[in-house]
Each structure stands twice: as structure tokens, then as C-alpha cells.
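Q: Dropping in data.cif, with mmCIF, N, CA and C atoms.
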data_my_file
#
loop_
_atom_site.label_atom_id
_atom_site.label_comp_id
_atom_site.auth_asym_id
_atom_site.auth_seq_id
_atom_site.Cartn_x
_atom_site.Cartn_y
_atom_site.Cartn_z
N MET A 117 146.80 148.91 64.13
CA MET A 117 147.58 147.70 63.98
C MET A 117 149.02 148.05 63.66
N ASP A 118 149.93 147.35 64.30
CA ASP A 118 151.36 147.55 64.03
C ASP A 118 151.76 146.59 62.91
N TYR A 119 151.88 147.12 61.72
CA TYR A 119 152.18 146.31 60.54
C TYR A 119 153.67 146.19 60.28
N GLN A 120 154.50 146.86 61.04
CA GLN A 120 155.93 146.94 60.75
C GLN A 120 156.63 145.58 60.79
N HIS A 121 156.13 144.64 61.53
CA HIS A 121 156.76 143.31 61.55
C HIS A 121 156.21 142.42 60.44
N ILE A 122 155.21 142.89 59.71
CA ILE A 122 154.61 142.10 58.62
C ILE A 122 155.00 142.66 57.25
N ILE A 123 154.93 143.96 57.09
CA ILE A 123 155.25 144.59 55.81
C ILE A 123 156.75 144.87 55.76
N THR A 124 157.40 144.32 54.74
CA THR A 124 158.85 144.46 54.61
C THR A 124 159.19 145.12 53.27
N ILE A 125 160.29 145.85 53.27
CA ILE A 125 160.76 146.48 52.03
C ILE A 125 162.23 146.10 51.87
N GLU A 126 162.50 145.39 50.77
CA GLU A 126 163.86 144.96 50.46
C GLU A 126 164.19 145.47 49.06
N PRO A 127 165.28 146.24 48.93
CA PRO A 127 165.63 146.84 47.64
C PRO A 127 165.68 145.84 46.48
N GLY A 128 166.15 144.63 46.70
CA GLY A 128 166.30 143.67 45.62
C GLY A 128 165.08 142.81 45.35
N LYS A 129 164.02 143.00 46.10
CA LYS A 129 162.83 142.17 45.95
C LYS A 129 161.66 143.01 45.44
N ARG A 130 161.11 142.58 44.32
CA ARG A 130 159.96 143.27 43.70
C ARG A 130 160.23 144.78 43.55
N SER A 131 161.43 145.11 43.18
CA SER A 131 161.87 146.50 42.94
C SER A 131 161.69 147.39 44.17
N GLY A 132 161.81 146.81 45.34
CA GLY A 132 161.72 147.59 46.57
C GLY A 132 160.30 147.92 47.01
N LYS A 133 159.32 147.28 46.38
CA LYS A 133 157.92 147.53 46.79
C LYS A 133 157.64 146.86 48.13
N PRO A 134 156.73 147.41 48.91
CA PRO A 134 156.38 146.80 50.20
C PRO A 134 155.77 145.41 49.98
N CYS A 135 156.33 144.42 50.64
CA CYS A 135 155.90 143.03 50.52
C CYS A 135 155.41 142.51 51.87
N ILE A 136 154.81 141.35 51.83
CA ILE A 136 154.31 140.72 53.04
C ILE A 136 155.33 139.71 53.54
N ARG A 137 155.84 139.92 54.75
CA ARG A 137 156.76 139.03 55.44
C ARG A 137 157.90 138.52 54.57
N GLY A 138 158.44 139.38 53.73
CA GLY A 138 159.58 139.00 52.91
C GLY A 138 159.24 138.15 51.70
N MET A 139 157.96 137.84 51.52
CA MET A 139 157.54 137.07 50.36
C MET A 139 157.51 137.98 49.14
N ARG A 140 157.17 137.45 48.00
CA ARG A 140 157.10 138.23 46.78
C ARG A 140 155.68 138.78 46.53
N ILE A 141 154.81 138.64 47.50
CA ILE A 141 153.45 139.17 47.40
C ILE A 141 153.48 140.59 47.95
N THR A 142 153.09 141.57 47.11
CA THR A 142 153.17 142.96 47.54
C THR A 142 151.86 143.44 48.17
N VAL A 143 151.98 144.52 48.91
CA VAL A 143 150.81 145.19 49.46
C VAL A 143 149.88 145.59 48.31
N TYR A 144 150.47 146.09 47.24
CA TYR A 144 149.70 146.50 46.07
C TYR A 144 148.89 145.33 45.51
N ASP A 145 149.49 144.14 45.43
CA ASP A 145 148.78 142.96 44.93
C ASP A 145 147.51 142.73 45.75
N ILE A 146 147.66 142.73 47.06
CA ILE A 146 146.51 142.45 47.94
C ILE A 146 145.45 143.54 47.80
N LEU A 147 145.88 144.80 47.75
CA LEU A 147 144.91 145.89 47.61
C LEU A 147 144.17 145.79 46.28
N GLU A 148 144.87 145.40 45.22
CA GLU A 148 144.24 145.22 43.91
C GLU A 148 143.21 144.10 43.95
N TYR A 149 143.53 143.00 44.61
CA TYR A 149 142.58 141.89 44.72
C TYR A 149 141.33 142.33 45.46
N LEU A 150 141.52 143.05 46.57
CA LEU A 150 140.37 143.54 47.33
C LEU A 150 139.55 144.54 46.52
N ALA A 151 140.22 145.45 45.84
CA ALA A 151 139.52 146.45 45.02
C ALA A 151 138.78 145.79 43.86
N GLY A 152 139.31 144.68 43.39
CA GLY A 152 138.67 143.96 42.29
C GLY A 152 137.49 143.11 42.73
N GLY A 153 137.24 143.06 44.02
CA GLY A 153 136.06 142.35 44.51
C GLY A 153 136.33 141.03 45.20
N MET A 154 137.59 140.62 45.26
CA MET A 154 137.89 139.38 45.98
C MET A 154 137.65 139.59 47.47
N THR A 155 137.16 138.56 48.11
CA THR A 155 136.97 138.62 49.55
C THR A 155 138.26 138.16 50.23
N GLU A 156 138.36 138.46 51.52
CA GLU A 156 139.51 138.01 52.28
C GLU A 156 139.61 136.49 52.21
N ALA A 157 138.48 135.81 52.33
CA ALA A 157 138.47 134.34 52.27
C ALA A 157 138.99 133.83 50.93
N GLU A 158 138.64 134.47 49.84
CA GLU A 158 139.11 134.06 48.52
C GLU A 158 140.62 134.26 48.38
N ILE A 159 141.12 135.36 48.89
CA ILE A 159 142.57 135.63 48.84
C ILE A 159 143.31 134.57 49.66
N LEU A 160 142.82 134.29 50.85
CA LEU A 160 143.46 133.30 51.71
C LEU A 160 143.41 131.91 51.09
N GLU A 161 142.35 131.62 50.36
CA GLU A 161 142.23 130.33 49.68
C GLU A 161 143.25 130.22 48.53
N ASP A 162 143.43 131.32 47.80
CA ASP A 162 144.37 131.33 46.67
C ASP A 162 145.83 131.37 47.12
N PHE A 163 146.09 131.98 48.26
CA PHE A 163 147.46 132.14 48.77
C PHE A 163 147.52 131.57 50.18
N SER A 164 147.75 130.27 50.25
CA SER A 164 147.70 129.58 51.55
C SER A 164 148.77 130.06 52.53
N GLU A 165 149.82 130.72 52.03
CA GLU A 165 150.88 131.21 52.92
C GLU A 165 150.48 132.50 53.63
N LEU A 166 149.40 133.13 53.21
CA LEU A 166 148.94 134.37 53.83
C LEU A 166 148.01 134.09 55.00
N THR A 167 147.93 135.08 55.89
CA THR A 167 147.00 135.01 57.02
C THR A 167 146.07 136.22 56.98
N SER A 168 145.04 136.15 57.75
CA SER A 168 144.12 137.27 57.88
C SER A 168 144.85 138.51 58.39
N GLU A 169 145.80 138.30 59.29
CA GLU A 169 146.59 139.40 59.84
C GLU A 169 147.41 140.08 58.73
N ASP A 170 147.90 139.30 57.77
CA ASP A 170 148.66 139.86 56.66
C ASP A 170 147.79 140.84 55.85
N ILE A 171 146.58 140.45 55.59
CA ILE A 171 145.66 141.30 54.82
C ILE A 171 145.34 142.57 55.60
N LYS A 172 145.09 142.44 56.88
CA LYS A 172 144.82 143.61 57.72
C LYS A 172 146.05 144.54 57.76
N ALA A 173 147.23 143.95 57.76
CA ALA A 173 148.46 144.75 57.77
C ALA A 173 148.58 145.56 56.48
N CYS A 174 148.18 144.97 55.35
CA CYS A 174 148.20 145.69 54.07
C CYS A 174 147.26 146.89 54.12
N LEU A 175 146.09 146.69 54.68
CA LEU A 175 145.13 147.79 54.80
C LEU A 175 145.65 148.87 55.74
N ALA A 176 146.24 148.46 56.85
CA ALA A 176 146.79 149.43 57.80
C ALA A 176 147.94 150.21 57.17
N PHE A 177 148.80 149.52 56.41
CA PHE A 177 149.92 150.16 55.74
C PHE A 177 149.40 151.20 54.75
N ALA A 178 148.40 150.83 53.96
CA ALA A 178 147.83 151.76 52.98
C ALA A 178 147.17 152.96 53.66
N ALA A 179 146.47 152.72 54.75
CA ALA A 179 145.83 153.81 55.48
C ALA A 179 146.87 154.76 56.06
N ASP A 180 147.94 154.21 56.58
CA ASP A 180 149.01 155.03 57.14
C ASP A 180 149.67 155.87 56.07
N ARG A 181 149.92 155.29 54.91
CA ARG A 181 150.51 156.06 53.80
C ARG A 181 149.59 157.18 53.35
N GLU A 182 148.31 156.88 53.27
CA GLU A 182 147.33 157.89 52.87
C GLU A 182 147.32 159.04 53.88
N LYS A 183 147.36 158.71 55.16
CA LYS A 183 147.37 159.72 56.21
C LYS A 183 148.61 160.59 56.08
N LYS A 184 149.75 159.99 55.82
CA LYS A 184 151.00 160.75 55.68
C LYS A 184 150.97 161.65 54.46
N LEU A 185 150.37 161.20 53.37
CA LEU A 185 150.24 162.03 52.17
C LEU A 185 149.38 163.24 52.46
N PHE A 186 148.29 163.04 53.19
CA PHE A 186 147.38 164.12 53.51
C PHE A 186 148.04 165.15 54.41
N VAL A 187 148.75 164.69 55.41
CA VAL A 187 149.40 165.57 56.38
C VAL A 187 150.49 166.41 55.72
N SER A 188 151.21 165.82 54.77
CA SER A 188 152.33 166.54 54.16
C SER A 188 151.90 167.45 53.00
N SER A 189 150.63 167.41 52.61
CA SER A 189 150.17 168.29 51.53
C SER A 189 150.05 169.72 52.02
N PRO A 190 150.38 170.71 51.14
CA PRO A 190 150.31 172.12 51.57
C PRO A 190 148.87 172.59 51.79
#
Just give me the structure of the file as C-alpha cells.

A:
Amino acid sequence: MDYQHIITIEPGKRSGKPCIRGMRITVYDILEYLAGGMTEAEILEDFSELTSEDIKACLAFAADREKKLFVSSP
């Protein structure tokens, strides 16, 4: 998935953390909700401005970062 049009990083917003479509909801927030046991449907119900694609973009972003960390390790 190409998440680059969904995940945005703005220095003045949420201390430069990756956010969803310029909103104040961070990738970290969504990952924490999922790790805490919330379902995609529950997240979408709580945050009506989000879409299923937004959640998938968060997962793709996290997977890509993990892959880059692994590749750059000695």
C-alpha cells in the first residue's frame, strides 16, 4: 500500500510525529488502539473522520519503518 498520500509529517503538528491526512491523530495512536485490542470497526466508530484505508496506511507505515530498521542494522 502506498501510504505516502495518507501519512503526513508536519514539524509544528504533534511534535512532528507521523499523522493521518494532516489531522492530529498519529500513527502511534492508531497502533496503540489496535495493540490494546480495539477492532478496526471500533476505531472507525470512535473517530468518524477516519477511514479503513487510513488504518491500513498506519499498518503499512509501521511495517515499512520496521523493515528499514532491520535492513540498516549491522

Q: Any chance you could list, as a PDB file with N, CA and C atoms, in the coordinates of the input, the residues in chain A that come up alpha helix (DSSP H) when DSSP is run on the backbone?

A:
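Final output, saved to result.pdb:
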ATOM      1  N   VAL A 143     151.980 144.520  48.910  1.00  0.00           N
ATOM      2  CA  VAL A 143     150.810 145.190  49.460  1.00  0.00           C
ATOM      3  C   VAL A 143     149.880 145.590  48.310  1.00  0.00           C
ATOM      4  N   TYR A 144     150.470 146.090  47.240  1.00  0.00           N
ATOM      5  CA  TYR A 144     149.700 146.500  46.070  1.00  0.00           C
ATOM      6  C   TYR A 144     148.890 145.330  45.510  1.00  0.00           C
ATOM      7  N   ASP A 145     149.490 144.140  45.430  1.00  0.00           N
ATOM      8  CA  ASP A 145     148.780 142.960  44.930  1.00  0.00           C
ATOM      9  C   ASP A 145     147.510 142.730  45.750  1.00  0.00           C
ATOM     10  N   ILE A 146     147.660 142.730  47.060  1.00  0.00           N
ATOM     11  CA  ILE A 146     146.510 142.450  47.940  1.00  0.00           C
ATOM     12  C   ILE A 146     145.450 143.540  47.800  1.00  0.00           C
ATOM     13  N   LEU A 147     145.880 144.800  47.750  1.00  0.00           N
ATOM     14  CA  LEU A 147     144.910 145.890  47.610  1.00  0.00           C
ATOM     15  C   LEU A 147     144.170 145.790  46.280  1.00  0.00           C
ATOM     16  N   GLU A 148     144.870 145.400  45.220  1.00  0.00           N
ATOM     17  CA  GLU A 148     144.240 145.220  43.910  1.00  0.00           C
ATOM     18  C   GLU A 148     143.210 144.100  43.950  1.00  0.00           C
ATOM     19  N   TYR A 149     143.530 143.000  44.610  1.00  0.00           N
ATOM     20  CA  TYR A 149     142.580 141.890  44.720  1.00  0.00           C
ATOM     21  C   TYR A 149     141.330 142.330  45.460  1.00  0.00           C
ATOM     22  N   LEU A 150     141.520 143.050  46.570  1.00  0.00           N
ATOM     23  CA  LEU A 150     140.370 143.540  47.330  1.00  0.00           C
ATOM     24  C   LEU A 150     139.550 144.540  46.520  1.00  0.00           C
ATOM     25  N   ALA A 151     140.220 145.450  45.840  1.00  0.00           N
ATOM     26  CA  ALA A 151     139.520 146.450  45.020  1.00  0.00           C
ATOM     27  C   ALA A 151     138.780 145.790  43.860  1.00  0.00           C
ATOM     28  N   GLU A 156     138.360 138.460  51.520  1.00  0.00           N
ATOM     29  CA  GLU A 156     139.510 138.010  52.280  1.00  0.00           C
ATOM     30  C   GLU A 156     139.610 136.490  52.210  1.00  0.00           C
ATOM     31  N   ALA A 157     138.480 135.810  52.330  1.00  0.00           N
ATOM     32  CA  ALA A 157     138.470 134.340  52.270  1.00  0.00           C
ATOM     33  C   ALA A 157     138.990 133.830  50.930  1.00  0.00           C
ATOM     34  N   GLU A 158     138.640 134.470  49.840  1.00  0.00           N
ATOM     35  CA  GLU A 158     139.110 134.060  48.520  1.00  0.00           C
ATOM     36  C   GLU A 158     140.620 134.260  48.380  1.00  0.00           C
ATOM     37  N   ILE A 159     141.120 135.360  48.890  1.00  0.00           N
ATOM     38  CA  ILE A 159     142.570 135.630  48.840  1.00  0.00           C
ATOM     39  C   ILE A 159     143.310 134.570  49.660  1.00  0.00           C
ATOM     40  N   LEU A 160     142.820 134.290  50.850  1.00  0.00           N
ATOM     41  CA  LEU A 160     143.460 133.300  51.710  1.00  0.00           C
ATOM     42  C   LEU A 160     143.410 131.910  51.090  1.00  0.00           C
ATOM     43  N   GLU A 161     142.350 131.620  50.360  1.00  0.00           N
ATOM     44  CA  GLU A 161     142.230 130.330  49.680  1.00  0.00           C
ATOM     45  C   GLU A 161     143.250 130.220  48.530  1.00  0.00           C
ATOM     46  N   ASP A 162     143.430 131.320  47.800  1.00  0.00           N
ATOM     47  CA  ASP A 162     144.370 131.330  46.670  1.00  0.00           C
ATOM     48  C   ASP A 162     145.830 131.370  47.120  1.00  0.00           C
ATOM     49  N   SER A 168     145.040 136.150  57.750  1.00  0.00           N
ATOM     50  CA  SER A 168     144.120 137.270  57.880  1.00  0.00           C
ATOM     51  C   SER A 168     144.850 138.510  58.390  1.00  0.00           C
ATOM     52  N   GLU A 169     145.800 138.300  59.290  1.00  0.00           N
ATOM     53  CA  GLU A 169     146.590 139.400  59.840  1.00  0.00           C
ATOM     54  C   GLU A 169     147.410 140.080  58.730  1.00  0.00           C
ATOM     55  N   ASP A 170     147.900 139.300  57.770  1.00  0.00           N
ATOM     56  CA  ASP A 170     148.660 139.860  56.660  1.00  0.00           C
ATOM     57  C   ASP A 170     147.790 140.840  55.850  1.00  0.00           C
ATOM     58  N   ILE A 171     146.580 140.450  55.590  1.00  0.00           N
ATOM     59  CA  ILE A 171     145.660 141.300  54.820  1.00  0.00           C
ATOM     60  C   ILE A 171     145.340 142.570  55.600  1.00  0.00           C
ATOM     61  N   LYS A 172     145.090 142.440  56.880  1.00  0.00           N
ATOM     62  CA  LYS A 172     144.820 143.610  57.720  1.00  0.00           C
ATOM     63  C   LYS A 172     146.050 144.540  57.760  1.00  0.00           C
ATOM     64  N   ALA A 173     147.230 143.950  57.760  1.00  0.00           N
ATOM     65  CA  ALA A 173     148.460 144.750  57.770  1.00  0.00           C
ATOM     66  C   ALA A 173     148.580 145.560  56.480  1.00  0.00           C
ATOM     67  N   CYS A 174     148.180 144.970  55.350  1.00  0.00           N
ATOM     68  CA  CYS A 174     148.200 145.690  54.070  1.00  0.00           C
ATOM     69  C   CYS A 174     147.260 146.890  54.120  1.00  0.00           C
ATOM     70  N   LEU A 175     146.090 146.690  54.680  1.00  0.00           N
ATOM     71  CA  LEU A 175     145.130 147.790  54.800  1.00  0.00           C
ATOM     72  C   LEU A 175     145.650 148.870  55.740  1.00  0.00           C
ATOM     73  N   ALA A 176     146.240 148.460  56.850  1.00  0.00           N
ATOM     74  CA  ALA A 176     146.790 149.430  57.800  1.00  0.00           C
ATOM     75  C   ALA A 176     147.940 150.210  57.170  1.00  0.00           C
ATOM     76  N   PHE A 177     148.800 149.520  56.410  1.00  0.00           N
ATOM     77  CA  PHE A 177     149.920 150.160  55.740  1.00  0.00           C
ATOM     78  C   PHE A 177     149.400 151.200  54.750  1.00  0.00           C
ATOM     79  N   ALA A 178     148.400 150.830  53.960  1.00  0.00           N
ATOM     80  CA  ALA A 178     147.830 151.760  52.980  1.00  0.00           C
ATOM     81  C   ALA A 178     147.170 152.960  53.660  1.00  0.00           C
ATOM     82  N   ALA A 179     146.470 152.720  54.750  1.00  0.00           N
ATOM     83  CA  ALA A 179     145.830 153.810  55.480  1.00  0.00           C
ATOM     84  C   ALA A 179     146.870 154.760  56.060  1.00  0.00           C
ATOM     85  N   ASP A 180     147.940 154.210  56.580  1.00  0.00           N
ATOM     86  CA  ASP A 180     149.010 155.030  57.140  1.00  0.00           C
ATOM     87  C   ASP A 180     149.670 155.870  56.070  1.00  0.00           C
ATOM     88  N   ARG A 181     149.920 155.290  54.910  1.00  0.00           N
ATOM     89  CA  ARG A 181     150.510 156.060  53.800  1.00  0.00           C
ATOM     90  C   ARG A 181     149.590 157.180  53.350  1.00  0.00           C
ATOM     91  N   GLU A 182     148.310 156.880  53.270  1.00  0.00           N
ATOM     92  CA  GLU A 182     147.330 157.890  52.870  1.00  0.00           C
ATOM     93  C   GLU A 182     147.320 159.040  53.880  1.00  0.00           C
ATOM     94  N   LYS A 183     147.360 158.710  55.160  1.00  0.00           N
ATOM     95  CA  LYS A 183     147.370 159.720  56.210  1.00  0.00           C
ATOM     96  C   LYS A 183     148.610 160.590  56.080  1.00  0.00           C
ATOM     97  N   LYS A 184     149.750 159.990  55.820  1.00  0.00           N
ATOM     98  CA  LYS A 184     151.000 160.750  55.680  1.00  0.00           C
ATOM     99  C   LYS A 184     150.970 161.650  54.460  1.00  0.00           C
ATOM    100  N   LEU A 185     150.370 161.200  53.370  1.00  0.00           N
ATOM    101  CA  LEU A 185     150.240 162.030  52.170  1.00  0.00           C
ATOM    102  C   LEU A 185     149.380 163.240  52.460  1.00  0.00           C
ATOM    103  N   PHE A 186     148.290 163.040  53.190  1.00  0.00           N
ATOM    104  CA  PHE A 186     147.380 164.120  53.510  1.00  0.00           C
ATOM    105  C   PHE A 186     148.040 165.150  54.410  1.00  0.00           C
ATOM    106  N   VAL A 187     148.750 164.690  55.410  1.00  0.00           N
ATOM    107  CA  VAL A 187     149.400 165.570  56.380  1.00  0.00           C
ATOM    108  C   VAL A 187     150.490 166.410  55.720  1.00  0.00           C
ATOM    109  N   SER A 188     151.210 165.820  54.770  1.00  0.00           N
ATOM    110  CA  SER A 188     152.330 166.540  54.160  1.00  0.00           C
ATOM    111  C   SER A 188     151.900 167.450  53.000  1.00  0.00           C
TER     112      SER A 188
END

Q: Give me, please, the distance in Å between CA of Glu126 in chain A and CA of Asp162 in chain A, quoted to one decimal.

A: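 Computed distance, CA of Glu126 in chain A to CA of Asp162 in chain A, equals 24.1 Å.
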
Q: Can you give me, as a PyMOL selection string, the residues this file yields under the PyMOL selection byres ((chain A and resi 144-157) around 8)?

A: chain A and resi 133-136+141-143+158-163+168+171+174-175

Q: Go ahead and write the selection's residues with N, CA and C atoms as a PDB file, in the frame of the given file.

A:
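The resulting file, selection_31.pdb, is shown below:
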ATOM      1  N   LYS A 133     159.320 147.280  46.380  1.00  0.00           N
ATOM      2  CA  LYS A 133     157.920 147.530  46.790  1.00  0.00           C
ATOM      3  C   LYS A 133     157.640 146.860  48.130  1.00  0.00           C
ATOM      4  N   PRO A 134     156.730 147.410  48.910  1.00  0.00           N
ATOM      5  CA  PRO A 134     156.380 146.800  50.200  1.00  0.00           C
ATOM      6  C   PRO A 134     155.770 145.410  49.980  1.00  0.00           C
ATOM      7  N   CYS A 135     156.330 144.420  50.640  1.00  0.00           N
ATOM      8  CA  CYS A 135     155.900 143.030  50.520  1.00  0.00           C
ATOM      9  C   CYS A 135     155.410 142.510  51.870  1.00  0.00           C
ATOM     10  N   ILE A 136     154.810 141.350  51.830  1.00  0.00           N
ATOM     11  CA  ILE A 136     154.310 140.720  53.040  1.00  0.00           C
ATOM     12  C   ILE A 136     155.330 139.710  53.540  1.00  0.00           C
ATOM     13  N   ILE A 141     154.810 138.640  47.500  1.00  0.00           N
ATOM     14  CA  ILE A 141     153.450 139.170  47.400  1.00  0.00           C
ATOM     15  C   ILE A 141     153.480 140.590  47.950  1.00  0.00           C
ATOM     16  N   THR A 142     153.090 141.570  47.110  1.00  0.00           N
ATOM     17  CA  THR A 142     153.170 142.960  47.540  1.00  0.00           C
ATOM     18  C   THR A 142     151.860 143.440  48.170  1.00  0.00           C
ATOM     19  N   VAL A 143     151.980 144.520  48.910  1.00  0.00           N
ATOM     20  CA  VAL A 143     150.810 145.190  49.460  1.00  0.00           C
ATOM     21  C   VAL A 143     149.880 145.590  48.310  1.00  0.00           C
ATOM     22  N   GLU A 158     138.640 134.470  49.840  1.00  0.00           N
ATOM     23  CA  GLU A 158     139.110 134.060  48.520  1.00  0.00           C
ATOM     24  C   GLU A 158     140.620 134.260  48.380  1.00  0.00           C
ATOM     25  N   ILE A 159     141.120 135.360  48.890  1.00  0.00           N
ATOM     26  CA  ILE A 159     142.570 135.630  48.840  1.00  0.00           C
ATOM     27  C   ILE A 159     143.310 134.570  49.660  1.00  0.00           C
ATOM     28  N   LEU A 160     142.820 134.290  50.850  1.00  0.00           N
ATOM     29  CA  LEU A 160     143.460 133.300  51.710  1.00  0.00           C
ATOM     30  C   LEU A 160     143.410 131.910  51.090  1.00  0.00           C
ATOM     31  N   GLU A 161     142.350 131.620  50.360  1.00  0.00           N
ATOM     32  CA  GLU A 161     142.230 130.330  49.680  1.00  0.00           C
ATOM     33  C   GLU A 161     143.250 130.220  48.530  1.00  0.00           C
ATOM     34  N   ASP A 162     143.430 131.320  47.800  1.00  0.00           N
ATOM     35  CA  ASP A 162     144.370 131.330  46.670  1.00  0.00           C
ATOM     36  C   ASP A 162     145.830 131.370  47.120  1.00  0.00           C
ATOM     37  N   PHE A 163     146.090 131.980  48.260  1.00  0.00           N
ATOM     38  CA  PHE A 163     147.460 132.140  48.770  1.00  0.00           C
ATOM     39  C   PHE A 163     147.520 131.570  50.180  1.00  0.00           C
ATOM     40  N   SER A 168     145.040 136.150  57.750  1.00  0.00           N
ATOM     41  CA  SER A 168     144.120 137.270  57.880  1.00  0.00           C
ATOM     42  C   SER A 168     144.850 138.510  58.390  1.00  0.00           C
ATOM     43  N   ILE A 171     146.580 140.450  55.590  1.00  0.00           N
ATOM     44  CA  ILE A 171     145.660 141.300  54.820  1.00  0.00           C
ATOM     45  C   ILE A 171     145.340 142.570  55.600  1.00  0.00           C
ATOM     46  N   CYS A 174     148.180 144.970  55.350  1.00  0.00           N
ATOM     47  CA  CYS A 174     148.200 145.690  54.070  1.00  0.00           C
ATOM     48  C   CYS A 174     147.260 146.890  54.120  1.00  0.00           C
ATOM     49  N   LEU A 175     146.090 146.690  54.680  1.00  0.00           N
ATOM     50  CA  LEU A 175     145.130 147.790  54.800  1.00  0.00           C
ATOM     51  C   LEU A 175     145.650 148.870  55.740  1.00  0.00           C
TER      52      LEU A 175
END

Q: Can you tell me how far CA of Phe177 in chain A sits from CA of Met117 in chain A, in Å to one decimal?

A: 8.9 Å

Q: Could you write out, as a VMD selection string, all the residues of chain A that DSSP marks as strand (DSSP E)?

A: chain A and resid 123 to 124 135 to 136

Q: Suppose a student applies the PyMOL selection byres (((chain A and resi 121 and name CA) around 10) and name CA) to this structure; what residues should they get, written as a ChimeraX atom specification?

A: /A:118-120,122-124,136-137,173

Q: Let me know the centre plus edge lengths, in Å and rounded to one decimal, of a box with edges along x, y and z that contains all listed atoms of range 119-122 of chain A and is padded by 8 Å on every side, as AutoDock Vina command-line options.

A:
--center_x 154.3 --center_y 144.6 --center_z 59.5 --size_x 20.9 --size_y 21.0 --size_z 20.5

Q: Would you work out the distance separating atom N of Ser164 in chain A from atom C of Glu182 in chain A, expressed in Å to one decimal?

A: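 One can read the atom N of Ser164 in chain A to atom C of Glu182 in chain A distance as 29.0 Å.
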